[in-house]
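Trainee: Provided below: upload-v6.cif, containing mmCIF, C-alpha atoms (C1' of nucleotides).
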```
data_work
loop_
_atom_site.label_atom_id
_atom_site.label_comp_id
_atom_site.auth_asym_id
_atom_site.auth_seq_id
_atom_site.Cartn_x
_atom_site.Cartn_y
_atom_site.Cartn_z
CA THR A 1 2.25 -24.09 -21.19
CA VAL A 2 -0.41 -24.24 -18.52
CA THR A 3 -1.11 -20.54 -18.95
CA TYR A 4 -1.57 -20.96 -22.68
CA ASN A 5 -3.69 -24.02 -22.18
CA THR A 6 -5.94 -22.10 -19.86
CA VAL A 7 -6.45 -19.39 -22.47
CA ILE A 8 -7.05 -22.00 -25.16
CA TRP A 9 -9.61 -23.54 -22.86
CA GLY A 10 -11.31 -20.18 -22.45
CA PHE A 11 -11.66 -19.71 -26.20
CA CYS A 12 -12.91 -23.22 -26.66
CA GLN A 13 -15.58 -22.79 -24.01
CA GLN A 14 -16.86 -19.80 -25.97
CA GLY A 15 -17.05 -21.87 -29.12
CA LEU A 16 -14.01 -20.10 -30.55
CA ALA A 17 -11.81 -23.06 -31.30
CA ASN A 18 -10.49 -21.36 -34.40
CA GLN A 19 -9.00 -18.53 -32.40
CA ALA A 20 -7.69 -21.00 -29.86
CA PHE A 21 -5.97 -22.80 -32.69
CA GLY A 22 -4.19 -19.59 -33.59
CA LEU A 23 -2.55 -19.61 -30.17
CA LEU A 24 -0.76 -22.81 -31.06
CA SER A 25 1.42 -21.10 -33.64
CA GLU A 26 2.15 -18.43 -31.09
CA MET A 27 3.31 -21.16 -28.73
CA VAL A 28 5.56 -22.62 -31.40
CA LYS A 29 7.05 -19.20 -32.07
CA LYS A 30 7.79 -18.65 -28.41
CA CYS A 31 9.13 -22.16 -27.99
CA ILE A 32 6.46 -23.06 -25.46
CA ASP A 33 5.76 -26.75 -25.27
CA ILE A 34 2.50 -28.00 -26.66
CA ASP A 35 1.42 -30.95 -24.57
CA SER A 36 -1.39 -33.46 -24.65
CA PHE A 37 -3.54 -31.09 -22.61
CA SER A 38 -3.25 -28.42 -25.29
CA CYS A 39 -4.18 -31.03 -27.83
CA ASN A 40 -7.18 -32.36 -25.92
CA ILE A 41 -8.60 -29.00 -24.98
CA LEU A 42 -8.50 -28.01 -28.62
CA LEU A 43 -9.97 -31.28 -29.82
CA GLU A 44 -12.87 -30.87 -27.45
CA GLY A 45 -13.26 -27.30 -28.61
CA PHE A 46 -13.63 -28.30 -32.24
CA CYS A 47 -15.90 -31.19 -31.39
CA ARG A 48 -18.16 -28.98 -29.35
CA ILE A 49 -18.81 -26.79 -32.40
CA GLU A 50 -19.24 -29.93 -34.46
CA LEU A 51 -16.13 -29.53 -36.57
CA LEU A 52 -15.28 -33.15 -36.15
CA LYS A 53 -13.22 -33.44 -39.30
CA TYR A 54 -11.21 -30.45 -38.26
CA ALA A 55 -10.58 -31.94 -34.85
CA GLN A 56 -9.31 -35.06 -36.50
CA TRP A 57 -7.08 -32.99 -38.73
CA VAL A 58 -5.64 -31.08 -35.80
CA LYS A 59 -4.88 -34.29 -34.02
CA ASP A 60 -3.11 -35.81 -37.02
CA ASN A 61 -1.03 -32.67 -37.44
CA LEU A 62 -0.05 -32.50 -33.83
CA GLU A 63 1.06 -36.10 -34.03
CA ASN A 64 3.25 -35.27 -37.00
CA GLY A 65 4.72 -32.56 -34.81
CA GLY A 66 5.46 -35.02 -32.07
CA VAL A 67 2.53 -34.28 -29.77
CA PHE A 68 0.76 -37.55 -29.27
CA GLY A 69 -2.77 -38.09 -28.18
CA ASN A 70 -3.77 -40.36 -25.38
CA VAL A 71 -6.86 -42.19 -24.28
CA ILE A 72 -8.52 -38.88 -23.46
CA SER A 73 -8.03 -37.63 -27.02
CA MET A 74 -9.66 -40.76 -28.31
CA ASN A 75 -12.50 -40.44 -25.83
CA ILE A 76 -13.18 -36.91 -27.01
CA LEU A 77 -13.39 -38.04 -30.63
CA ILE A 78 -15.43 -41.11 -29.83
CA HIS A 79 -17.79 -38.96 -27.82
CA ALA A 80 -18.23 -36.63 -30.76
CA TYR A 81 -19.05 -39.48 -33.12
CA CYS A 82 -21.51 -40.91 -30.62
CA LYS A 83 -23.16 -37.55 -30.29
CA ALA A 84 -23.54 -37.42 -34.05
CA GLY A 85 -25.07 -40.89 -33.99
CA GLU A 86 -22.16 -42.29 -36.01
CA MET A 87 -21.67 -45.40 -33.95
CA ASN A 88 -19.78 -47.19 -36.70
CA TYR A 89 -17.11 -44.54 -36.78
CA ALA A 90 -16.99 -44.50 -33.01
CA LEU A 91 -16.37 -48.24 -32.92
CA GLU A 92 -13.82 -47.97 -35.69
CA LEU A 93 -11.92 -45.45 -33.62
CA MET A 94 -11.92 -47.75 -30.64
CA GLU A 95 -10.45 -50.55 -32.70
CA LYS A 96 -7.89 -48.18 -34.10
CA MET A 97 -6.78 -47.02 -30.68
CA GLU A 98 -6.38 -50.58 -29.48
CA LYS A 99 -4.16 -51.29 -32.45
CA GLU A 100 -2.06 -48.26 -31.54
CA GLY A 101 -1.65 -49.63 -28.06
CA ILE A 102 -3.96 -47.13 -26.37
CA PHE A 103 -6.40 -49.07 -24.28
CA PRO A 104 -9.98 -48.01 -23.79
CA ASP A 105 -10.88 -47.08 -20.26
CA ILE A 106 -14.24 -47.06 -18.53
CA ILE A 107 -14.95 -43.61 -19.92
CA THR A 108 -14.52 -44.94 -23.45
CA TYR A 109 -16.97 -47.72 -22.69
CA ASN A 110 -19.45 -45.45 -20.97
CA THR A 111 -19.34 -43.12 -23.93
CA LEU A 112 -20.08 -45.96 -26.33
CA ILE A 113 -22.82 -47.35 -24.11
CA HIS A 114 -24.44 -43.94 -24.05
CA GLY A 115 -24.17 -43.77 -27.83
CA PHE A 116 -25.79 -47.16 -28.26
CA CYS A 117 -28.62 -46.23 -25.92
CA LYS A 118 -29.21 -42.97 -27.72
CA THR A 119 -29.57 -44.75 -31.03
CA GLY A 120 -31.86 -47.36 -29.51
CA LEU A 121 -29.32 -50.16 -29.72
CA PHE A 122 -29.95 -51.42 -26.20
CA ILE A 123 -28.83 -54.92 -27.10
CA LYS A 124 -25.44 -53.62 -28.12
CA ALA A 125 -25.18 -51.55 -24.98
CA LYS A 126 -25.97 -54.61 -22.90
CA ASP A 127 -23.47 -56.72 -24.82
CA LEU A 128 -20.75 -54.22 -24.18
CA ILE A 129 -21.54 -54.14 -20.47
CA ASP A 130 -21.41 -57.92 -20.33
CA LYS A 131 -18.10 -57.84 -22.13
CA ILE A 132 -16.50 -55.43 -19.69
CA SER A 133 -18.06 -57.07 -16.66
CA VAL A 134 -16.02 -60.24 -16.97
CA SER A 135 -12.55 -60.23 -15.55
CA SER A 136 -9.86 -59.51 -18.03
CA HIS A 137 -6.95 -61.83 -18.42
CA ASN A 138 -3.40 -61.10 -19.35
CA GLU A 139 -1.90 -62.33 -22.61
CA GLU A 140 -0.93 -65.67 -21.22
CA GLY A 141 -4.51 -66.29 -20.29
CA ASP A 142 -3.50 -66.60 -16.70
CA ALA A 143 -6.74 -65.26 -15.33
CA LEU A 144 -4.70 -63.42 -12.76
CA VAL A 145 -4.81 -59.87 -13.90
CA LYS A 146 -8.09 -58.24 -13.21
CA ILE A 147 -8.41 -54.85 -14.76
CA ASP A 148 -10.86 -53.23 -12.44
CA ASP A 149 -10.80 -49.81 -13.95
CA THR A 150 -12.67 -50.98 -17.02
CA LYS A 151 -15.47 -52.57 -15.08
CA PRO A 152 -18.92 -50.99 -15.03
CA ASN A 153 -19.22 -48.16 -12.56
CA LEU A 154 -21.97 -45.92 -11.24
CA ILE A 155 -22.01 -43.92 -14.44
CA THR A 156 -22.38 -47.04 -16.56
CA TYR A 157 -25.44 -48.06 -14.63
CA THR A 158 -26.90 -44.59 -14.52
CA THR A 159 -26.46 -44.19 -18.26
CA LEU A 160 -28.47 -47.31 -18.87
CA ILE A 161 -31.06 -46.60 -16.20
CA SER A 162 -31.69 -43.18 -17.64
CA ALA A 163 -32.02 -44.57 -21.14
CA TYR A 164 -34.42 -47.25 -19.98
CA CYS A 165 -36.51 -44.64 -18.19
CA LYS A 166 -36.85 -42.75 -21.42
CA ARG A 167 -37.15 -45.41 -24.06
CA GLN A 168 -37.95 -48.69 -22.43
CA GLY A 169 -40.17 -49.56 -19.55
CA LEU A 170 -39.73 -48.35 -16.04
CA GLU A 171 -39.59 -51.95 -14.84
CA GLU A 172 -36.35 -52.60 -16.70
CA ALA A 173 -34.90 -49.43 -15.29
CA LEU A 174 -35.86 -50.36 -11.75
CA SER A 175 -34.55 -53.89 -12.00
CA LEU A 176 -31.28 -52.53 -13.29
CA TYR A 177 -31.26 -50.18 -10.35
CA GLU A 178 -31.58 -53.13 -8.00
CA GLU A 179 -28.81 -54.95 -9.79
CA MET A 180 -26.64 -51.90 -9.40
CA VAL A 181 -27.25 -51.66 -5.68
CA LYS A 182 -26.60 -55.39 -5.35
CA ASN A 183 -23.24 -54.82 -6.99
CA GLY A 184 -22.39 -52.31 -4.34
CA PHE A 185 -22.97 -49.01 -6.12
CA LEU A 186 -24.85 -46.34 -4.25
CA PRO A 187 -27.03 -44.07 -6.36
CA ASP A 188 -26.01 -40.44 -6.59
CA VAL A 189 -28.05 -37.37 -7.42
CA VAL A 190 -27.94 -38.15 -11.14
CA THR A 191 -29.21 -41.69 -10.66
CA TYR A 192 -32.05 -40.49 -8.47
CA SER A 193 -32.91 -37.67 -10.84
CA SER A 194 -33.03 -40.07 -13.77
CA ILE A 195 -35.47 -42.34 -12.01
CA ILE A 196 -37.58 -39.42 -10.81
CA TYR A 197 -37.69 -38.25 -14.41
CA GLY A 198 -38.86 -41.69 -15.52
CA LEU A 199 -41.53 -41.84 -12.85
CA CYS A 200 -42.79 -38.38 -13.77
CA LYS A 201 -42.95 -39.18 -17.46
CA HIS A 202 -44.93 -42.30 -16.68
CA GLY A 203 -47.40 -40.29 -14.64
CA LYS A 204 -46.26 -41.71 -11.32
CA LEU A 205 -45.96 -38.39 -9.58
CA THR A 206 -46.67 -39.76 -6.13
CA GLU A 207 -43.84 -42.25 -6.42
CA ALA A 208 -41.60 -39.54 -7.76
CA LYS A 209 -42.23 -37.36 -4.73
CA LEU A 210 -41.64 -40.32 -2.44
CA LEU A 211 -38.31 -40.91 -4.09
CA LEU A 212 -37.42 -37.26 -3.60
CA ASN A 213 -37.90 -37.71 0.12
CA GLU A 214 -36.06 -40.98 0.14
CA MET A 215 -32.96 -39.60 -1.50
CA GLY A 216 -32.75 -36.92 1.14
CA LYS A 217 -32.91 -39.59 3.82
CA MET A 218 -30.11 -41.44 2.08
CA GLY A 219 -27.98 -38.36 2.34
CA VAL A 220 -28.15 -37.44 -1.35
CA ASP A 221 -29.35 -33.88 -1.70
CA PRO A 222 -31.59 -33.06 -4.64
CA ASN A 223 -30.13 -30.34 -6.81
CA HIS A 224 -31.54 -27.89 -9.33
CA VAL A 225 -31.95 -30.59 -11.95
CA THR A 226 -33.92 -32.84 -9.63
CA TYR A 227 -36.20 -29.98 -8.73
CA THR A 228 -36.63 -28.85 -12.31
CA ILE A 229 -37.88 -32.28 -13.27
CA LEU A 230 -40.54 -32.23 -10.58
CA VAL A 231 -41.55 -28.59 -10.77
CA ASP A 232 -41.77 -28.75 -14.56
CA LEU A 233 -44.01 -31.76 -14.49
CA LEU A 234 -46.19 -30.68 -11.59
CA LEU A 235 -46.81 -27.34 -13.20
CA LYS A 236 -47.58 -28.75 -16.60
CA ALA A 237 -49.83 -31.39 -15.07
CA GLY A 238 -51.90 -28.55 -13.64
CA ASN A 239 -50.71 -29.06 -10.09
CA ALA A 240 -49.54 -25.50 -9.58
CA SER A 241 -49.86 -25.49 -5.80
CA GLU A 242 -47.45 -28.37 -5.31
CA ALA A 243 -45.11 -26.86 -7.86
CA VAL A 244 -45.09 -23.68 -5.83
CA VAL A 245 -44.29 -25.63 -2.67
CA LEU A 246 -41.29 -27.27 -4.28
CA HIS A 247 -40.23 -24.00 -5.81
CA GLY A 248 -40.28 -22.61 -2.27
CA HIS A 249 -38.03 -25.46 -1.14
CA MET A 250 -35.59 -24.54 -3.87
CA ILE A 251 -35.39 -21.03 -2.53
CA THR A 252 -35.08 -21.90 1.14
CA ARG A 253 -32.49 -24.55 0.43
CA GLY A 254 -30.43 -22.21 -1.68
CA ILE A 255 -30.70 -24.26 -4.84
CA LEU A 256 -29.14 -22.79 -7.94
CA PHE A 257 -31.57 -21.26 -10.41
CA ASP A 258 -30.19 -21.51 -13.90
CA THR A 259 -31.52 -20.77 -17.37
CA VAL A 260 -33.16 -24.17 -17.64
CA VAL A 261 -35.08 -23.74 -14.38
CA TYR A 262 -36.45 -20.40 -15.49
CA THR A 263 -37.21 -21.51 -19.02
CA SER A 264 -39.14 -24.45 -17.67
CA LEU A 265 -41.10 -22.18 -15.34
CA ILE A 266 -41.90 -19.68 -18.08
CA ASP A 267 -43.06 -22.46 -20.36
CA GLY A 268 -45.18 -24.06 -17.65
CA LEU A 269 -46.80 -20.75 -16.79
CA PHE A 270 -47.66 -19.99 -20.42
CA LYS A 271 -49.08 -23.45 -20.92
CA THR A 272 -51.32 -23.11 -17.87
CA ARG A 273 -52.70 -19.73 -18.87
CA LYS A 274 -50.57 -17.73 -16.50
CA SER A 275 -48.94 -15.56 -19.10
CA TYR A 276 -48.77 -12.60 -16.76
CA GLU A 277 -46.52 -14.51 -14.37
CA ALA A 278 -44.53 -15.93 -17.27
CA GLU A 279 -43.80 -12.46 -18.61
CA GLU A 280 -42.97 -11.24 -15.15
CA ILE A 281 -40.30 -13.91 -14.71
CA PHE A 282 -38.89 -13.31 -18.14
CA GLY A 283 -38.62 -9.62 -17.33
CA LEU A 284 -36.58 -10.41 -14.24
CA LEU A 285 -33.95 -12.56 -15.92
CA THR A 286 -31.48 -9.80 -16.65
CA LYS A 287 -31.59 -8.55 -13.08
CA LEU A 288 -31.02 -12.10 -11.90
CA ASN A 289 -27.98 -12.43 -14.15
CA ILE A 290 -29.58 -15.22 -16.11
CA VAL A 291 -28.75 -15.30 -19.78
CA PRO A 292 -31.73 -16.46 -21.82
CA ASN A 293 -30.82 -18.90 -24.58
CA CYS A 294 -32.43 -20.18 -27.73
CA PHE A 295 -34.79 -22.41 -25.74
CA THR A 296 -35.91 -19.50 -23.57
CA TYR A 297 -36.79 -17.36 -26.55
CA THR A 298 -38.56 -20.18 -28.32
CA VAL A 299 -40.70 -20.68 -25.24
CA LEU A 300 -41.45 -16.99 -25.13
CA ILE A 301 -42.24 -16.75 -28.82
CA ASP A 302 -44.40 -19.84 -28.61
CA GLY A 303 -46.28 -18.54 -25.59
CA ARG A 304 -46.89 -15.12 -27.06
CA SER A 305 -47.85 -16.46 -30.47
CA LYS A 306 -50.38 -18.86 -29.12
CA LEU A 307 -52.02 -16.01 -27.23
CA GLY A 308 -52.21 -14.05 -30.45
CA HIS A 309 -49.54 -11.58 -29.37
CA ILE A 310 -47.83 -11.58 -32.69
CA SER A 311 -46.05 -8.28 -32.23
CA GLY A 312 -44.71 -9.48 -28.91
CA ALA A 313 -43.48 -12.62 -30.57
CA GLN A 314 -41.76 -10.58 -33.24
CA SER A 315 -40.07 -8.33 -30.74
CA ALA A 316 -38.84 -11.42 -28.90
CA LEU A 317 -37.35 -12.67 -32.14
CA LYS A 318 -35.67 -9.33 -32.66
CA GLU A 319 -34.32 -9.29 -29.13
CA MET A 320 -32.97 -12.74 -29.67
CA GLU A 321 -31.04 -11.64 -32.71
CA GLU A 322 -29.73 -8.62 -30.86
CA ARG A 323 -28.29 -11.05 -28.37
CA ARG A 324 -26.63 -12.86 -31.26
CA LEU A 325 -28.64 -15.96 -30.68
CA VAL A 326 -29.31 -17.83 -33.87
CA PRO A 327 -32.96 -18.79 -34.31
CA ASN A 328 -33.24 -22.38 -35.40
"C1'" G B 1 5.11 -30.19 0.73
"C1'" C B 2 0.64 -28.36 -1.67
"C1'" G B 3 -2.07 -25.75 -5.49
"C1'" A B 4 -3.92 -23.66 -11.84
"C1'" U B 5 -5.73 -26.50 -17.81
"C1'" C B 6 -8.51 -32.01 -21.02
"C1'" U B 7 -12.85 -36.80 -21.89
"C1'" C B 8 -18.42 -40.32 -19.82
"C1'" G B 9 -24.44 -40.28 -17.08
"C1'" A B 10 -29.95 -36.64 -15.15
"C1'" G B 11 -33.72 -31.43 -16.38
"C1'" A B 12 -36.53 -26.87 -20.38
"C1'" A B 13 -39.05 -25.14 -26.33
"C1'" G B 14 -40.69 -25.71 -31.17
#
```
Represent the supplied structure as structure tokens.
Mentor:
Amino acid sequence: TVTYNTVIWGFCQQGLANQAFGLLSEMVKKCIDIDSFSCNILLEGFCRIELLKYAQWVKDNLENGGVFGNVISMNILIHAYCKAGEMNYALELMEKMEKEGIFPDIITYNTLIHGFCKTGLFIKAKDLIDKISVSSHNEEGDALVKIDDTKPNLITYTTLISAYCKRQGLEEALSLYEEMVKNGFLPDVVTYSSIIYGLCKHGKLTEAKLLLNEMGKMGVDPNHVTYTILVDLLLKAGNASEAVVLHGHMITRGILFDTVVYTSLIDGLFKTRKSYEAEEIFGLLTKLNIVPNCFTYTVLIDGRSKLGHISGAQSALKEMEERRLVPN
RNA sequence: GCGAUCUCGAGAAG
């Protein structure tokens, strides 16, 4: 079962949930148990390629076959609805699961809070946090049973802080940060990165750099995302020399360079009239084992087009299609 | 005895 699940997982990661689904019948034929892991891996696979209805269908069928979902299955579906902005369906699902005796956990709540934030419903997000912050009681109302694992955690706070940084004021984000620390949660690299992102977007680059130093002192190492935020903004703000310094730190500290890091660099270089360097980096990607994605090519096409290099832009488009990337 | 598979938060383009 675990072997099959691992293969199913592999297909799903590649966006091939349909083929993964085919393995289920093979399992049935060979009398290999299908468990809730098989179910959840597949559900996530269909959700990731946005075949939400199909995921639902698979789940219903598995349940008819005696394989029952759990809270994770529901979280996967709720997450998919949130991602699609269908908060009503997401909430409906949560009610449904409660009726079936599957209780939401903190991941369910975090998923919903993220969904609310993404659709701008901050009030609802806040309401939900308030609701899960109070101690739960057992059925007798004995106020004895405290269900701690549905109380807000670091991720709950970080979700909201990040959303505030993007869509509300920085002040709200920072006061929430203080509240979080007061409640005993120490920020991790994601929390710090979110705030650094907010500071950068509000033009507070000095503060952002200060925070970068502070997190190091607190024993939280910045990672490739943290650096991308800063390098991207420094470069695009015309502060190439500082961007280069940080880029150097990334190298000396052995930070991972992924497709996003490079795409951001290429874009920043094009936008600051350094197309030669931009092209140079793009040319190196294959050697560096970096697979350019749709974003990367759009940046390249945009950069070349705006310089009047139409044929270069066209060849980039062609190359993209050769790589079986679908232009959007 | 231990070990393989599932769900939540941060970054790039138009």
Trainee: What's the separation between atom CA of Ser38 of chain A and atom CA of Thr111 of chain A, in Å to one decimal place?
Mentor: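 We find that atom CA of Ser38 of chain A and atom CA of Thr111 of chain A lie 21.8 Å from each other.
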Trainee: What is the atom CA of Glu280 of chain A-atom CA of Leu234 of chain A distance in Å, reported with one decimal?
Mentor: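 Straight-line distance from atom CA of Glu280 of chain A to atom CA of Leu234 of chain A works out to 20.0 Å.
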Trainee: When the cut-off is 6 Å and we count all atoms listed in the file, which residues of chain A are near chain B, given as a ChimeraX atom specification?
Mentor: /A:2,5-6,37,40-41,72,75-76,107,110-111,155,158-159,190,193-194,225,228-229,260,263-264,295,298-299
Trainee: If you apply the PyMOL selection byres ((chain A and resi 17-32) around 9) to this file, what residues do you get, as a ChimeraX atom specification?
Mentor: /A:1,4,7-16,33-34,38,42-46,48-49,58
Trainee: Name the residues captured by the PyMOL selection byres ((chain A and resi 269) around 12) when it is applied to the shown file; answer as a count of residues only.
Mentor: 36
Trainee: So the first atom is atom CA of Gly198 of chain A and the second is atom CA of Leu211 of chain A; what is the distance between them in Å, to one decimal place?
Mentor: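 That distance, rounded to one decimal, is 11.5 Å.
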Trainee: If I wrap all listed atoms of chain B in a box with edges along x, y and z and add 4 Å on each side, what are its centre and edge lengths in Å to one decimal, as lines of an AutoDock Vina configuration file?
Mentor:
```
center_x = -17.8
center_y = -32.0
center_z = -15.2
size_x = 53.8
size_y = 24.7
size_z = 39.9
```
Trainee: The PyMOL selection byres ((chain A and resi 97-106) around 9) on the file shown: which residues, as a PyMOL selection string?
Mentor: (chain A and resi 70-71+74-75+92-96+107-111+132+149-153+156) or (chain B and resi 8)
Trainee: With the input short on atoms, add all heavy atoms back to segment 87-96 of chain A and write it as a PDB file, keeping the file's coordinate frame.
Mentor:
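Final output, out.pdb:
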```pdb
ATOM      1  N   MET A  87     -22.234 -44.371 -34.802  1.00  0.00           N
ATOM      2  CA  MET A  87     -21.670 -45.400 -33.950  1.00  0.00           C
ATOM      3  C   MET A  87     -20.612 -46.242 -34.661  1.00  0.00           C
ATOM      4  O   MET A  87     -19.677 -46.742 -34.045  1.00  0.00           O
ATOM      5  CB  MET A  87     -22.784 -46.300 -33.403  1.00  0.00           C
ATOM      6  CG  MET A  87     -23.694 -45.609 -32.429  1.00  0.00           C
ATOM      7  SD  MET A  87     -22.782 -44.757 -31.127  1.00  0.00           S
ATOM      8  CE  MET A  87     -22.067 -46.136 -30.265  1.00  0.00           C
ATOM      9  N   ASN A  88     -20.775 -46.383 -35.984  1.00  0.00           N
ATOM     10  CA  ASN A  88     -19.780 -47.190 -36.700  1.00  0.00           C
ATOM     11  C   ASN A  88     -18.402 -46.554 -36.658  1.00  0.00           C
ATOM     12  O   ASN A  88     -17.412 -47.226 -36.422  1.00  0.00           O
ATOM     13  CB  ASN A  88     -20.220 -47.375 -38.159  1.00  0.00           C
ATOM     14  CG  ASN A  88     -21.455 -48.247 -38.242  1.00  0.00           C
ATOM     15  OD1 ASN A  88     -21.678 -49.094 -37.367  1.00  0.00           O
ATOM     16  ND2 ASN A  88     -22.264 -48.024 -39.257  1.00  0.00           N
ATOM     17  N   TYR A  89     -18.380 -45.233 -36.863  1.00  0.00           N
ATOM     18  CA  TYR A  89     -17.110 -44.540 -36.780  1.00  0.00           C
ATOM     19  C   TYR A  89     -16.538 -44.607 -35.377  1.00  0.00           C
ATOM     20  O   TYR A  89     -15.337 -44.755 -35.178  1.00  0.00           O
ATOM     21  CB  TYR A  89     -17.260 -43.081 -37.198  1.00  0.00           C
ATOM     22  CG  TYR A  89     -17.408 -42.895 -38.690  1.00  0.00           C
ATOM     23  CD1 TYR A  89     -18.561 -42.370 -39.244  1.00  0.00           C
ATOM     24  CD2 TYR A  89     -16.363 -43.246 -39.536  1.00  0.00           C
ATOM     25  CE1 TYR A  89     -18.705 -42.191 -40.608  1.00  0.00           C
ATOM     26  CE2 TYR A  89     -16.477 -43.075 -40.904  1.00  0.00           C
ATOM     27  CZ  TYR A  89     -17.656 -42.556 -41.434  1.00  0.00           C
ATOM     28  OH  TYR A  89     -17.780 -42.378 -42.779  1.00  0.00           O
ATOM     29  N   ALA A  90     -17.439 -44.466 -34.406  1.00  0.00           N
ATOM     30  CA  ALA A  90     -16.990 -44.500 -33.010  1.00  0.00           C
ATOM     31  C   ALA A  90     -16.321 -45.844 -32.710  1.00  0.00           C
ATOM     32  O   ALA A  90     -15.249 -45.893 -32.112  1.00  0.00           O
ATOM     33  CB  ALA A  90     -18.184 -44.277 -32.083  1.00  0.00           C
ATOM     34  N   LEU A  91     -16.945 -46.914 -33.167  1.00  0.00           N
ATOM     35  CA  LEU A  91     -16.370 -48.240 -32.920  1.00  0.00           C
ATOM     36  C   LEU A  91     -15.069 -48.437 -33.671  1.00  0.00           C
ATOM     37  O   LEU A  91     -14.122 -49.033 -33.166  1.00  0.00           O
ATOM     38  CB  LEU A  91     -17.379 -49.312 -33.319  1.00  0.00           C
ATOM     39  CG  LEU A  91     -18.565 -49.448 -32.375  1.00  0.00           C
ATOM     40  CD1 LEU A  91     -19.637 -50.339 -32.970  1.00  0.00           C
ATOM     41  CD2 LEU A  91     -18.111 -49.998 -31.031  1.00  0.00           C
ATOM     42  N   GLU A  92     -15.029 -47.896 -34.894  1.00  0.00           N
ATOM     43  CA  GLU A  92     -13.820 -47.970 -35.690  1.00  0.00           C
ATOM     44  C   GLU A  92     -12.642 -47.323 -34.954  1.00  0.00           C
ATOM     45  O   GLU A  92     -11.545 -47.859 -34.916  1.00  0.00           O
ATOM     46  CB  GLU A  92     -14.055 -47.216 -36.998  1.00  0.00           C
ATOM     47  CG  GLU A  92     -13.616 -47.944 -38.247  1.00  0.00           C
ATOM     48  CD  GLU A  92     -14.118 -47.187 -39.462  1.00  0.00           C
ATOM     49  OE1 GLU A  92     -13.505 -46.143 -39.780  1.00  0.00           O
ATOM     50  OE2 GLU A  92     -15.124 -47.619 -40.069  1.00  0.00           O
ATOM     51  N   LEU A  93     -12.954 -46.156 -34.368  1.00  0.00           N
ATOM     52  CA  LEU A  93     -11.920 -45.450 -33.620  1.00  0.00           C
ATOM     53  C   LEU A  93     -11.418 -46.268 -32.442  1.00  0.00           C
ATOM     54  O   LEU A  93     -10.234 -46.280 -32.141  1.00  0.00           O
ATOM     55  CB  LEU A  93     -12.458 -44.124 -33.097  1.00  0.00           C
ATOM     56  CG  LEU A  93     -12.242 -42.893 -33.945  1.00  0.00           C
ATOM     57  CD1 LEU A  93     -12.770 -41.678 -33.219  1.00  0.00           C
ATOM     58  CD2 LEU A  93     -10.755 -42.719 -34.240  1.00  0.00           C
ATOM     59  N   MET A  94     -12.337 -46.960 -31.792  1.00  0.00           N
ATOM     60  CA  MET A  94     -11.920 -47.750 -30.640  1.00  0.00           C
ATOM     61  C   MET A  94     -10.984 -48.879 -31.086  1.00  0.00           C
ATOM     62  O   MET A  94      -9.971 -49.139 -30.441  1.00  0.00           O
ATOM     63  CB  MET A  94     -13.118 -48.326 -29.898  1.00  0.00           C
ATOM     64  CG  MET A  94     -12.683 -49.043 -28.619  1.00  0.00           C
ATOM     65  SD  MET A  94     -14.011 -49.667 -27.635  1.00  0.00           S
ATOM     66  CE  MET A  94     -14.450 -51.111 -28.564  1.00  0.00           C
ATOM     67  N   GLU A  95     -11.329 -49.490 -32.203  1.00  0.00           N
ATOM     68  CA  GLU A  95     -10.450 -50.550 -32.700  1.00  0.00           C
ATOM     69  C   GLU A  95      -9.084 -49.983 -33.070  1.00  0.00           C
ATOM     70  O   GLU A  95      -8.051 -50.585 -32.798  1.00  0.00           O
ATOM     71  CB  GLU A  95     -11.077 -51.223 -33.922  1.00  0.00           C
ATOM     72  CG  GLU A  95     -12.202 -52.173 -33.526  1.00  0.00           C
ATOM     73  CD  GLU A  95     -13.038 -52.601 -34.721  1.00  0.00           C
ATOM     74  OE1 GLU A  95     -12.556 -52.488 -35.877  1.00  0.00           O
ATOM     75  OE2 GLU A  95     -14.181 -53.038 -34.493  1.00  0.00           O
ATOM     76  N   LYS A  96      -9.136 -48.810 -33.685  1.00  0.00           N
ATOM     77  CA  LYS A  96      -7.890 -48.180 -34.100  1.00  0.00           C
ATOM     78  C   LYS A  96      -7.001 -47.886 -32.895  1.00  0.00           C
ATOM     79  O   LYS A  96      -5.798 -48.136 -32.914  1.00  0.00           O
ATOM     80  CB  LYS A  96      -8.206 -46.889 -34.860  1.00  0.00           C
ATOM     81  CG  LYS A  96      -7.026 -46.355 -35.648  1.00  0.00           C
ATOM     82  CD  LYS A  96      -7.439 -45.141 -36.478  1.00  0.00           C
ATOM     83  CE  LYS A  96      -6.344 -44.105 -36.463  1.00  0.00           C
ATOM     84  NZ  LYS A  96      -6.838 -42.718 -36.465  1.00  0.00           N
TER      85      LYS A  96
END
```
